[in-house]
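The block underneath contains the structure these notes are about, expressed in structure tokens.
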Amino acid sequence: MSRRRKYAVPGVERGMQQFKAEVMRNEGYNVNPDRPDDVKYEVAKELGVPLEPGDNGDLSTGSAGKVGGRIGGSMVREMIRLAQQELVDRKKE
């Protein structure tokens, strides 16, 4: 069962999914823009984590964290880069 995210800003779900797809494409992953969450299976395979569609109750939290960390870490690095660029652009105005 996949967990539903609750974002702090209502209505950003689609934008966040598009952002995830863009970031993971830039990381070299093949991402279906209509199903960006499926990139987790490609990441898991690369990391040697036996993640499969459906119930993964026997998956350790460490293994699950490796997959989520790779995806989330990439997204956070890109958000920081974008925020830094925004600060530089504001100084130029």
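Residue names in the structure tokens use chain letters A, B, ... in the order shown, residue numbers from 1 in each chain, and ligand numbers from 1 in the order shown.
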
Can you list, as an MDAnalysis selection string, every residue of chain A that DSSP puts in helix (DSSP H, G or I)?
-> chainID A and resid 13:26 36:47 61:92

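Residues with any atom within 9 Å of region 73-84 of chain A, counting only C-alpha atoms and excluding same-chain neighbours fewer than 5 positions away, are Phe19, Lys20, Val23, Met24, Glu27, Gly68 and Asp89 of chain A.
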
Serialized selection, N, CA and C atoms, as a compact mmCIF listing (two decimals), in the first residue's frame:
# COMPACT_ATOMS: atom_id res chain seq x y z
N PHE A 19 7.79 17.86 -10.83
CA PHE A 19 9.13 18.21 -10.35
C PHE A 19 9.95 16.95 -10.10
N LYS A 20 9.34 15.95 -9.45
CA LYS A 20 10.03 14.68 -9.20
C LYS A 20 10.46 14.04 -10.51
N VAL A 23 13.44 16.05 -12.00
CA VAL A 23 14.68 15.84 -11.24
C VAL A 23 15.26 14.46 -11.51
N MET A 24 14.42 13.45 -11.48
CA MET A 24 14.91 12.09 -11.67
C MET A 24 15.36 11.85 -13.12
N GLU A 27 18.72 13.08 -13.29
CA GLU A 27 19.63 12.15 -12.61
C GLU A 27 19.93 10.94 -13.50
N GLY A 68 14.04 5.81 -0.97
CA GLY A 68 13.44 7.12 -0.74
C GLY A 68 14.47 8.22 -0.59
N ASP A 89 19.43 35.97 -8.26
CA ASP A 89 18.63 36.78 -9.21
C ASP A 89 18.05 38.00 -8.52

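Of the listed residues A:Gly28, A:Pro53, A:Leu87, A:Arg70, the one whose atoms come nearest to Tyr41 (chain A) is A:Pro53, with distances taken using only C-alpha atoms.
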
Val43 (chain A): which residues within 7 Å, counting only C-alpha atoms, same-chain residues fewer than 4 positions away excluded, as a list of chain:residue names?
-> A:Val39, A:Leu47, A:Val67

Polymer residues at most 9 Å from region 11-17 of chain A, only C-alpha atoms, same-chain spacing of 4 or more positions, as a ChimeraX atom specification = /A:5-7,21-22,33-37
